[in-house]
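Q: Below is the structure I would like to discuss, written out as structure tokens.
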Number of protein chains: 2
Amino acid sequence: MEDYHKPDQQTLQALKDTANRLRISSIRATTAAGSGHPTSCCSAAEIMSVLFFHTMRYKVQDPRNASNDRFVLSKRQAFTDVATGSLGQGLGAACGMAYTGKFFDRASYRVYCLLGDGELSEGSVWEAMAFAGFYKLDNLVAIFDVNRLGQSDPAPLQHHVEIYQKRCEAFGWHAIIVDGHSVEELCKAFGQAKHQPTAIIAKTFKGKGISGVEDKESWHGKPLPKNMAEQVIQEIDDKIQNKKKLSPALPEEDAPVINIRNIKMPSPPTYKVGEKWATRKAYGVALAKLGHANDRVIALDGDTKNSTFSELFKKEHPNRYIECYIAEQNMVSIAVGCATRDRTVAFASTFATFFTRAFDQIRMAAISESNINLCGSHCGVSIGEDGPSQMGLEDLCMFRAVPNATVFYPSDAVATEKAVEIAANTKGICFIRTSRPENPVIYSNNEDFHIGQAKVVVKSKDDQVTVIGAGVTLHEALAAAEQLRKEKIFIRVIDPFTIKPLDKKTILENARVTKGRIITVEDHYHEGGIGEAVCAAVVGEPGITVHRLAVSHVPRSGKSAELLKMFGIDKDAIVQAVKGAVSKSRNAE
Amino acid sequence: MEDYHKPDQQTLQALKDTANRLRISSIRATTAAGSGHPTSCCSAAEIMSVLFFHTMRYKVQDPRNASNDRFVLSKRQAFTDVATGSLGQGLGAACGMAYTGKFFDRASYRVYCLLGDGELSEGSVWEAMAFAGFYKLDNLVAIFDVNRLGQSDPAPLQHHVEIYQKRCEAFGWHAIIVDGHSVEELCKAFGQAKHQPTAIIAKTFKGKGISGVEDKESWHGKPLPKNMAEQVIQEIDDKIQNKKKLSPALPEEDAPVINIRNIKMPSPPTYKVGEKWATRKAYGVALAKLGHANDRVIALDGDTKNSTFSELFKKEHPNRYIECYIAEQNMVSIAVGCATRDRTVAFASTFATFFTRAFDQIRMAAISESNINLCGSHCGVSIGEDGPSQMGLEDLCMFRAVPNATVFYPSDAVATEKAVEIAANTKGICFIRTSRPENPVIYSNNEDFHIGQAKVVVKSKDDQVTVIGAGVTLHEALAAAEQLRKEKIFIRVIDPFTIKPLDKKTILENARVTKGRIITVEDHYHEGGIGEAVCAAVVGEPGITVHRLAVSHVPRSGKSAELLKMFGIDKDAIVQAVKGAVSKSRNAE
């Protein structure tokens, strides 16, 4: 309580006035737009008033100032730092901001997150609660707006605020129950400093202040009819006294000035052509290296760091590694939070397929125009014995459908190191797909890589087919080229490097000189992968044909080589497909 | 305690023997395979022994008997009813089985779910915990195998079993702490009957019984080397006394005999051509109707039933509706659990885009060969004002990448009713994409629909372009055809009905008679949607061209018609594309 100063009566009245003005504008705006959530706004009016005009410290004229307190509105609405609207994601982002403030910025700004009671059913909220409790984020305050009513029904716990309190305490939080419409109780609760994250459990009423609507069901997400709105606004307006104008306190400007632009590797890669490296390991090597180039590069993982090799970063930069444990949704939200206001360059890793767990968070990160880098290891059937639950076979499809995402699929250690460096300097969502098997290095250390520029790896004037592979299948394609050469059949082999954007120009140019024949081969399901991306790029081009080799059904456990063969994406399958393509058109002649 | 009978000493010793035999076989199997999780198996050896040879009631010869107790192994391994391996999903499925046993079968079988402590970081576990607590699933027992060690690090709570107990209690469970290696404590704990779900928090040691490995880090998921294995097996074998043979108790066979095959609508649809209906509403009407055909049809929703219209089912069949609240991951897992052993035909609905939250659960459901039906409403920009977070723009992409999934995209109320009926009788994952806007009914009530059979909706001998649309964009295509007809330009319009499988034959046949010209138009991102599916189907076919109209970047809020125009997927955009295609090739001539 030490740092709590009770506001004078005038201030309290002014905070009430502000709350009522918020009610009025939310009713006006939503009635005018014919859409929106006035009832949800009204339940949180006092909370917002006290937060923004009493508790939070920020520069009104400089809302993105690094030293400002942060506010995340997790309830259905959008706020500047992160877009919300898909429920249960705000607290994870807030945890990332608080972690950054406490451990990276070591600054005094605090993070406030307003949640609705409906979204507390989302498991992602409890992943974030556990995270904040575990890391003792004492600069984080969560406000539960317990207005009892969900969209279609009352929320499961209704107004049993004591149960919310028990849950918060069990997850390591200090939890205070308040009347969410009492500005005085709110001021007092926000004034309590603790050495753990604080949850303010505010008992509120949906539609508070709107007579006939307050605490009533079936008003969720509905604006008031015009005439009704005008009358309600009048009622609320009558309560406003306008005796004092409020302005927020200023922040301590103690967030360090940093620069995360143009991050360059301290030295070129040091691999030898022919050396065998798994790209997942090259990722760890590259990330650890990049960490020396800029001390704002951070790594996150979900208890798989010894498989993704993010542990190599942790070994060299222990203070910049965040263990998120087995909670992939929260890991992505933490990364989003850490990356807000350009405070860090975040790289989060897990098995490629486990990012499906966080597709909604990734989707929302794109909507938020967040800059995060995600690395998915263990792609495809080539991981071998661990079985289908561990195999990334839909990750290319998922990330291609993320707006403005860049999808890297490096085929050797050198390309992986370049991908990591490029991703660190690329806006939007960057995904790097890495593989478990060890394959030879094929590029020299000074090879230049660019987004959307494919590499022609094997080429001769007699090439009859263009084969496009990436990761392990590029190496299968190289082996196939080798074998076919002995039979005097020559193929061109292309490594796309990025699957999105795809280098349509290079693919077409080379396909045209190989009689229009393209064969794609990928360790991924057919849908939404390399093959479909290529089809969409070349369809309608005269004389171009595409034959796709990909995984066609749920795999099982087995040895890597066996599975590549079983699913027809290995050297032999490519050889067969090439011969088929050549003979087919020969017969046609 | 009333129903707890303490086992005699011989039985206890036999249970210990069984545990040690499990250790030996897990070590043997994993060392032989060169892959697997012997240390995790050893931590749970006594738990498995007591469960399978003392507590559970089942017919060894008939493991899938409807009256058997159920067991779900949520830790990294596969079990018959549901595949696991992606952590944190088992308890949700177990909740679905328990809910089915208690409320639908009204039978005495119980459900046991074994979880690892590492996966307790997954929010989906706490969604399931809240669900079981809320519905007081007293036939459900969760066993937390707290062996302290995760894959790369100790689990966050290590051996603080009292914190797990607090969390379970806060979520409405009866929680008992036991020594997980004491068969006697386990027998006693399992013997306690409660009127709420029970959590057995078992303190165990990873690698228990393997000298040099027990409770040591860095042994996760690693088999023992051969020589080491042999020695360890000898040590364990020496402890086995072999005095008594155990066999499990038999179940009460009180699960009702049911039949969910060949479910037919009680009557044909009753729509009038030209009437305006939103397909999302037609879904609710159809599902409510189907509920009268078979009392094993159930519906689930995540607090959006008044938007998806699953509320129409709830109104007519309140006892067969499961409110899952805002927890989409858990909703899908509940559906999977309800559908196991063919006990129900489950339809789960929410906004299409919120299924991205459950992509990992959907992926695993496919691997489990689960038969569930998912309906996603509010697809695309056509939902209007609610903004991008609510718009399903990647759902077709996601579901197409699910193995053996059937993706329905009905374009009117009649097609929607048929899709619901077909989905109820189709194995695997069925997804039905519904729209928010109201559009006219175009099919007669006796129109026949089949998976993989497209409809040619507009056709004349003078057609110059084939336009493929679905949902709202089919109606935009029909409007475009109408307008173009006035200018003496004729187009063919195709409604695919199912996007996966796609009716390649019909598309190609029609494209060929319209000079090879195809235009696809979809309320979805370009990646992995209708356009790419069509490109992949027709690429390489001589003379076929595909022009794709789709949403190209993150939308914003606006009126439905404005957004369709802004993103170039409305009538005018189609008219323009058709004219472009026609004139282009005219110039070429």
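So you can find residues: chains in the structure tokens are A, B, ... in the order shown, residues in each start at 1, and ligands are numbered from 1 in order.
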Give me, as a list in words, all polymer residues having an atom no more than 8 Å from Ile240 in chain B, counting only C-alpha atoms and skipping those fewer than 3 positions away in the same chain.
A: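 Counting only the stated atoms, we get Lys16, Asp17, Asn20, Arg21, Ile236 and Asp237 of chain B.
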Q: Mind checking which residues fall within 7 Å of range 528-543 of chain A, counting only C-alpha atoms, ignoring those fewer than 3 positions away in the same chain, and posting them as a PyMOL selection string?
A: (chain A and resi 396-397+499+504+516+520+522+524-525+546+548) or (chain B and resi 397+401+527-528+532+535-536+539+544-546)
Q: Given the selection you just returned, output its residues as a file containing C-alpha atoms, formatted as an mmCIF file, in the first residue's frame.
A:
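out.cif, freshly written:
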```cif
data_model
loop_
_atom_site.group_PDB
_atom_site.id
_atom_site.type_symbol
_atom_site.label_atom_id
_atom_site.label_comp_id
_atom_site.auth_asym_id
_atom_site.auth_seq_id
_atom_site.Cartn_x
_atom_site.Cartn_y
_atom_site.Cartn_z
ATOM 1 C CA LEU A 396 4.240 -24.521 -45.526
ATOM 2 C CA CYS A 397 0.520 -24.403 -46.274
ATOM 3 C CA ILE A 499 8.594 -20.616 -50.914
ATOM 4 C CA LYS A 504 8.341 -17.478 -60.664
ATOM 5 C CA GLY A 516 8.246 -27.012 -70.227
ATOM 6 C CA THR A 520 8.206 -30.622 -57.800
ATOM 7 C CA GLU A 522 8.508 -31.874 -51.267
ATOM 8 C CA HIS A 524 4.954 -31.922 -47.112
ATOM 9 C CA TYR A 525 1.353 -32.737 -47.975
ATOM 10 C CA VAL A 546 3.913 -29.779 -63.533
ATOM 11 C CA ARG A 548 3.992 -33.080 -58.159
ATOM 12 C CA CYS B 397 -6.275 -23.639 -46.863
ATOM 13 C CA ALA B 401 -4.232 -29.676 -45.737
ATOM 14 C CA GLU B 527 -2.969 -19.271 -50.802
ATOM 15 C CA GLY B 528 -4.409 -22.754 -50.536
ATOM 16 C CA GLU B 532 -4.853 -22.810 -56.067
ATOM 17 C CA CYS B 535 -4.637 -24.462 -60.668
ATOM 18 C CA ALA B 536 -3.237 -27.697 -59.237
ATOM 19 C CA VAL B 539 -2.050 -27.217 -64.708
ATOM 20 C CA ILE B 544 -6.261 -23.915 -70.111
ATOM 21 C CA THR B 545 -5.733 -20.564 -68.369
ATOM 22 C CA VAL B 546 -6.739 -19.639 -64.811
#
```
Q: Got a sec: who's within 9 Å of range 181-188 of chain B, counting only C-alpha atoms, leaving out chain neighbours fewer than 2 positions off, as a compact mmCIF listing (two decimals) with C-alpha atoms, in the first residue's frame?
A:
```
# COMPACT_ATOMS: atom_id res chain seq x y z
CA MET B 1 -13.52 -44.28 0.72
CA TYR B 4 -12.21 -48.99 -1.38
CA HIS B 5 -11.08 -52.53 -0.50
CA LYS B 6 -7.40 -52.77 0.35
CA PRO B 7 -5.71 -55.40 -1.83
CA LEU B 12 0.26 -55.68 -4.09
CA GLN B 13 3.43 -57.66 -4.86
CA LEU B 15 1.15 -55.20 -9.05
CA LYS B 16 4.78 -54.33 -8.32
CA ALA B 19 5.16 -52.56 -13.03
CA SER B 43 7.98 -43.10 -14.26
CA ALA B 44 4.46 -44.34 -14.97
CA ALA B 45 5.03 -48.10 -14.52
CA GLU B 46 3.21 -48.45 -11.18
CA ILE B 47 0.40 -46.17 -12.36
CA SER B 49 0.06 -51.53 -13.47
CA VAL B 50 -2.54 -50.47 -10.89
CA LEU B 51 -4.84 -48.96 -13.52
CA HIS B 54 -6.58 -53.40 -10.32
CA THR B 55 -8.70 -50.34 -11.02
CA VAL B 178 0.29 -39.73 -3.98
CA ASP B 179 3.67 -41.40 -4.24
CA PHE B 190 -8.21 -44.78 -7.33
CA GLY B 191 -10.65 -46.31 -4.87
CA GLN B 192 -11.98 -42.94 -3.76
CA ILE B 200 -4.39 -38.07 -8.86
CA ALA B 202 1.49 -38.72 -8.63
CA LYS B 203 4.99 -37.71 -7.58
CA THR B 204 7.26 -39.91 -9.69
CA PHE B 205 10.82 -40.08 -10.97
CA LYS B 208 12.57 -44.85 -12.05
```
Q: Pull out every residue of chain A sitting within 7 Å of chain B, counting only C-alpha atoms, and send them as a VMD selection string.
A: chain A and resid 35 85 to 86 118 to 119 121 to 124 126 to 127 151 to 153 163 166 to 167 170 303 to 306 325 to 327 354 356 to 360 364 367 385 389 394 397 to 398 400 to 401 403 525 527 to 528 532 535 to 536 539 to 540 544 to 546 553 to 554
Q: Go ahead and save the residues from that selection, with C-alpha atoms, as a PDB file, in the first residue's frame.
A:
```
ATOM      1  CA  SER A  35     -21.894  -2.298 -35.270  1.00  0.00           C
ATOM      2  CA  GLY A  85     -10.400  -9.539 -31.422  1.00  0.00           C
ATOM      3  CA  SER A  86      -9.458 -13.180 -31.299  1.00  0.00           C
ATOM      4  CA  GLY A 118     -15.601 -14.786 -21.407  1.00  0.00           C
ATOM      5  CA  GLU A 119     -12.096 -15.117 -22.810  1.00  0.00           C
ATOM      6  CA  SER A 121     -12.035 -19.897 -20.868  1.00  0.00           C
ATOM      7  CA  GLU A 122      -9.234 -19.805 -23.440  1.00  0.00           C
ATOM      8  CA  GLY A 123      -6.317 -21.978 -22.377  1.00  0.00           C
ATOM      9  CA  SER A 124      -3.910 -19.456 -23.848  1.00  0.00           C
ATOM     10  CA  TRP A 126      -3.706 -19.744 -18.461  1.00  0.00           C
ATOM     11  CA  GLU A 127      -0.502 -20.359 -20.381  1.00  0.00           C
ATOM     12  CA  GLN A 151     -21.877 -13.631 -26.334  1.00  0.00           C
ATOM     13  CA  SER A 152     -24.556 -16.309 -26.231  1.00  0.00           C
ATOM     14  CA  ASP A 153     -24.781 -17.205 -22.548  1.00  0.00           C
ATOM     15  CA  ILE A 163     -13.132 -18.664  -7.938  1.00  0.00           C
ATOM     16  CA  LYS A 166      -8.345 -18.883  -6.346  1.00  0.00           C
ATOM     17  CA  ARG A 167      -7.252 -19.658  -9.902  1.00  0.00           C
ATOM     18  CA  ALA A 170      -2.817 -20.963  -7.819  1.00  0.00           C
ATOM     19  CA  ASP A 303      10.995 -27.008 -24.189  1.00  0.00           C
ATOM     20  CA  THR A 304      12.425 -28.272 -27.476  1.00  0.00           C
ATOM     21  CA  LYS A 305      15.663 -26.239 -27.524  1.00  0.00           C
ATOM     22  CA  ASN A 306      17.779 -29.407 -27.620  1.00  0.00           C
ATOM     23  CA  TYR A 325       7.840 -24.437 -21.765  1.00  0.00           C
ATOM     24  CA  ILE A 326       5.275 -26.545 -23.618  1.00  0.00           C
ATOM     25  CA  ALA A 327       2.865 -23.715 -24.483  1.00  0.00           C
ATOM     26  CA  PHE A 354       3.568 -27.604 -33.266  1.00  0.00           C
ATOM     27  CA  THR A 356      -0.254 -25.381 -35.878  1.00  0.00           C
ATOM     28  CA  ARG A 357      -1.066 -24.993 -32.186  1.00  0.00           C
ATOM     29  CA  ALA A 358      -0.517 -21.253 -32.577  1.00  0.00           C
ATOM     30  CA  PHE A 359      -2.047 -20.630 -36.007  1.00  0.00           C
ATOM     31  CA  ASP A 360      -4.569 -18.193 -34.547  1.00  0.00           C
ATOM     32  CA  MET A 364      -3.350 -12.224 -35.436  1.00  0.00           C
ATOM     33  CA  ILE A 367      -2.969  -8.506 -38.583  1.00  0.00           C
ATOM     34  CA  GLU A 385      10.821 -42.821 -36.072  1.00  0.00           C
ATOM     35  CA  SER A 389       2.301 -36.412 -34.624  1.00  0.00           C
ATOM     36  CA  GLU A 394       1.134 -28.702 -43.267  1.00  0.00           C
ATOM     37  CA  CYS A 397       0.520 -24.403 -46.274  1.00  0.00           C
ATOM     38  CA  MET A 398      -0.210 -22.626 -42.994  1.00  0.00           C
ATOM     39  CA  ARG A 400       1.899 -19.330 -46.970  1.00  0.00           C
ATOM     40  CA  ALA A 401      -1.647 -18.316 -45.968  1.00  0.00           C
ATOM     41  CA  PRO A 403      -0.477 -12.261 -45.139  1.00  0.00           C
ATOM     42  CA  TYR A 525       1.353 -32.737 -47.975  1.00  0.00           C
ATOM     43  CA  GLU A 527      -2.126 -29.094 -50.342  1.00  0.00           C
ATOM     44  CA  GLY A 528      -0.718 -25.588 -50.098  1.00  0.00           C
ATOM     45  CA  GLU A 532       0.637 -25.950 -55.491  1.00  0.00           C
ATOM     46  CA  CYS A 535       1.193 -24.672 -60.172  1.00  0.00           C
ATOM     47  CA  ALA A 536      -0.397 -21.349 -59.253  1.00  0.00           C
ATOM     48  CA  VAL A 539      -0.671 -22.248 -64.787  1.00  0.00           C
ATOM     49  CA  GLY A 540      -1.702 -21.013 -68.216  1.00  0.00           C
ATOM     50  CA  ILE A 544       4.345 -25.945 -69.150  1.00  0.00           C
ATOM     51  CA  THR A 545       3.518 -29.147 -67.259  1.00  0.00           C
ATOM     52  CA  VAL A 546       3.913 -29.779 -63.533  1.00  0.00           C
ATOM     53  CA  HIS A 553      -1.615 -39.471 -46.671  1.00  0.00           C
ATOM     54  CA  VAL A 554      -0.926 -39.764 -42.942  1.00  0.00           C
TER      55      VAL A 554
END
```
Q: What lies within 6 Å of range 340-352 of chain A using only C-alpha atoms, ignoring chain neighbours under 2 positions off, as a count of residues only?
A: 21
Q: Determine which residues of range 58-251 of chain B DSSP labels as strand (DSSP E) from the backbone of this structure, then write them out as a PyMOL selection string.
A: chain B and resi 70-73+111-116+140-146+174-179+198-203
Q: Since we have the selection now, will you write its residues out, keeping N, CA and C atoms, as a PDB file, in the first residue's frame?
A:
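Done, and the output landed in part34.pdb:
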```pdb
ATOM      1  N   ARG B  70     -12.566 -46.379 -20.195  1.00  0.00           N
ATOM      2  CA  ARG B  70     -11.676 -45.812 -21.218  1.00  0.00           C
ATOM      3  C   ARG B  70     -10.354 -45.409 -20.586  1.00  0.00           C
ATOM      4  N   PHE B  71      -9.294 -45.477 -21.380  1.00  0.00           N
ATOM      5  CA  PHE B  71      -8.002 -44.970 -20.935  1.00  0.00           C
ATOM      6  C   PHE B  71      -7.398 -44.110 -22.040  1.00  0.00           C
ATOM      7  N   VAL B  72      -6.973 -42.925 -21.688  1.00  0.00           N
ATOM      8  CA  VAL B  72      -6.332 -42.036 -22.658  1.00  0.00           C
ATOM      9  C   VAL B  72      -4.930 -41.723 -22.163  1.00  0.00           C
ATOM     10  N   LEU B  73      -3.964 -42.041 -22.991  1.00  0.00           N
ATOM     11  CA  LEU B  73      -2.579 -41.741 -22.653  1.00  0.00           C
ATOM     12  C   LEU B  73      -2.193 -40.450 -23.350  1.00  0.00           C
ATOM     13  N   VAL B 111     -13.584 -43.003 -17.184  1.00  0.00           N
ATOM     14  CA  VAL B 111     -12.540 -42.594 -18.110  1.00  0.00           C
ATOM     15  C   VAL B 111     -11.304 -42.177 -17.327  1.00  0.00           C
ATOM     16  N   TYR B 112     -10.167 -42.761 -17.678  1.00  0.00           N
ATOM     17  CA  TYR B 112      -8.898 -42.459 -17.021  1.00  0.00           C
ATOM     18  C   TYR B 112      -7.954 -41.827 -18.026  1.00  0.00           C
ATOM     19  N   CYS B 113      -7.323 -40.744 -17.635  1.00  0.00           N
ATOM     20  CA  CYS B 113      -6.393 -40.062 -18.538  1.00  0.00           C
ATOM     21  C   CYS B 113      -5.068 -39.817 -17.826  1.00  0.00           C
ATOM     22  N   LEU B 114      -4.007 -40.318 -18.413  1.00  0.00           N
ATOM     23  CA  LEU B 114      -2.670 -40.133 -17.839  1.00  0.00           C
ATOM     24  C   LEU B 114      -1.953 -38.987 -18.548  1.00  0.00           C
ATOM     25  N   LEU B 115      -1.571 -37.971 -17.779  1.00  0.00           N
ATOM     26  CA  LEU B 115      -0.878 -36.808 -18.340  1.00  0.00           C
ATOM     27  C   LEU B 115       0.529 -36.706 -17.770  1.00  0.00           C
ATOM     28  N   GLY B 116       1.445 -36.140 -18.574  1.00  0.00           N
ATOM     29  CA  GLY B 116       2.774 -35.835 -18.064  1.00  0.00           C
ATOM     30  C   GLY B 116       2.781 -34.439 -17.467  1.00  0.00           C
ATOM     31  N   LEU B 140     -14.648 -39.190 -14.413  1.00  0.00           N
ATOM     32  CA  LEU B 140     -13.353 -38.892 -15.035  1.00  0.00           C
ATOM     33  C   LEU B 140     -12.255 -38.830 -13.972  1.00  0.00           C
ATOM     34  N   VAL B 141     -11.161 -39.517 -14.236  1.00  0.00           N
ATOM     35  CA  VAL B 141      -9.995 -39.469 -13.361  1.00  0.00           C
ATOM     36  C   VAL B 141      -8.771 -39.096 -14.190  1.00  0.00           C
ATOM     37  N   ALA B 142      -8.112 -38.002 -13.815  1.00  0.00           N
ATOM     38  CA  ALA B 142      -6.862 -37.607 -14.483  1.00  0.00           C
ATOM     39  C   ALA B 142      -5.703 -37.956 -13.566  1.00  0.00           C
ATOM     40  N   ILE B 143      -4.686 -38.554 -14.141  1.00  0.00           N
ATOM     41  CA  ILE B 143      -3.495 -38.873 -13.358  1.00  0.00           C
ATOM     42  C   ILE B 143      -2.350 -38.021 -13.883  1.00  0.00           C
ATOM     43  N   PHE B 144      -1.817 -37.161 -13.026  1.00  0.00           N
ATOM     44  CA  PHE B 144      -0.668 -36.343 -13.410  1.00  0.00           C
ATOM     45  C   PHE B 144       0.600 -37.098 -13.027  1.00  0.00           C
ATOM     46  N   ASP B 145       1.353 -37.518 -14.018  1.00  0.00           N
ATOM     47  CA  ASP B 145       2.622 -38.204 -13.757  1.00  0.00           C
ATOM     48  C   ASP B 145       3.703 -37.129 -13.608  1.00  0.00           C
ATOM     49  N   VAL B 146       3.886 -36.657 -12.380  1.00  0.00           N
ATOM     50  CA  VAL B 146       4.801 -35.537 -12.134  1.00  0.00           C
ATOM     51  C   VAL B 146       6.208 -36.085 -11.946  1.00  0.00           C
ATOM     52  N   HIS B 174     -11.423 -32.643  -7.424  1.00  0.00           N
ATOM     53  CA  HIS B 174     -10.925 -33.245  -6.191  1.00  0.00           C
ATOM     54  C   HIS B 174      -9.514 -33.737  -6.497  1.00  0.00           C
ATOM     55  N   ALA B 175      -8.522 -33.272  -5.769  1.00  0.00           N
ATOM     56  CA  ALA B 175      -7.127 -33.577  -6.101  1.00  0.00           C
ATOM     57  C   ALA B 175      -6.426 -34.279  -4.946  1.00  0.00           C
ATOM     58  N   ILE B 176      -5.806 -35.426  -5.250  1.00  0.00           N
ATOM     59  CA  ILE B 176      -5.115 -36.235  -4.248  1.00  0.00           C
ATOM     60  C   ILE B 176      -3.644 -36.361  -4.633  1.00  0.00           C
ATOM     61  N   ILE B 177      -2.746 -36.097  -3.689  1.00  0.00           N
ATOM     62  CA  ILE B 177      -1.314 -36.262  -3.934  1.00  0.00           C
ATOM     63  C   ILE B 177      -0.887 -37.659  -3.466  1.00  0.00           C
ATOM     64  N   VAL B 178      -0.186 -38.391  -4.352  1.00  0.00           N
ATOM     65  CA  VAL B 178       0.293 -39.726  -3.977  1.00  0.00           C
ATOM     66  C   VAL B 178       1.738 -39.926  -4.408  1.00  0.00           C
ATOM     67  N   ASP B 179       2.374 -40.929  -3.773  1.00  0.00           N
ATOM     68  CA  ASP B 179       3.670 -41.405  -4.239  1.00  0.00           C
ATOM     69  C   ASP B 179       3.380 -42.300  -5.446  1.00  0.00           C
ATOM     70  N   THR B 198     -11.747 -36.298 -10.529  1.00  0.00           N
ATOM     71  CA  THR B 198     -10.661 -36.544  -9.578  1.00  0.00           C
ATOM     72  C   THR B 198      -9.311 -36.457 -10.281  1.00  0.00           C
ATOM     73  N   ALA B 199      -8.389 -35.736  -9.676  1.00  0.00           N
ATOM     74  CA  ALA B 199      -7.014 -35.669 -10.172  1.00  0.00           C
ATOM     75  C   ALA B 199      -6.101 -36.387  -9.185  1.00  0.00           C
ATOM     76  N   ILE B 200      -5.383 -37.374  -9.674  1.00  0.00           N
ATOM     77  CA  ILE B 200      -4.387 -38.067  -8.858  1.00  0.00           C
ATOM     78  C   ILE B 200      -3.044 -37.457  -9.220  1.00  0.00           C
ATOM     79  N   ILE B 201      -2.471 -36.709  -8.310  1.00  0.00           N
ATOM     80  CA  ILE B 201      -1.197 -36.053  -8.590  1.00  0.00           C
ATOM     81  C   ILE B 201      -0.092 -36.954  -8.065  1.00  0.00           C
ATOM     82  N   ALA B 202       0.524 -37.681  -8.984  1.00  0.00           N
ATOM     83  CA  ALA B 202       1.486 -38.718  -8.629  1.00  0.00           C
ATOM     84  C   ALA B 202       2.908 -38.184  -8.723  1.00  0.00           C
ATOM     85  N   LYS B 203       3.579 -38.108  -7.575  1.00  0.00           N
ATOM     86  CA  LYS B 203       4.985 -37.711  -7.585  1.00  0.00           C
ATOM     87  C   LYS B 203       5.814 -38.914  -8.015  1.00  0.00           C
TER      88      LYS B 203
END
```
Q: One number please: CA of Val521 in chain B to CA of Arg280 in chain B, in Å, one decimal.
A: 20.1 Å
Q: Please identify which residues in range 253-376 of chain A DSSP calls helix (DSSP H, G or I) from the backbone, and express them as a PyMOL selection string.
A: chain A and resi 279-293+305-308+311-316+318-320+328-342+352-367
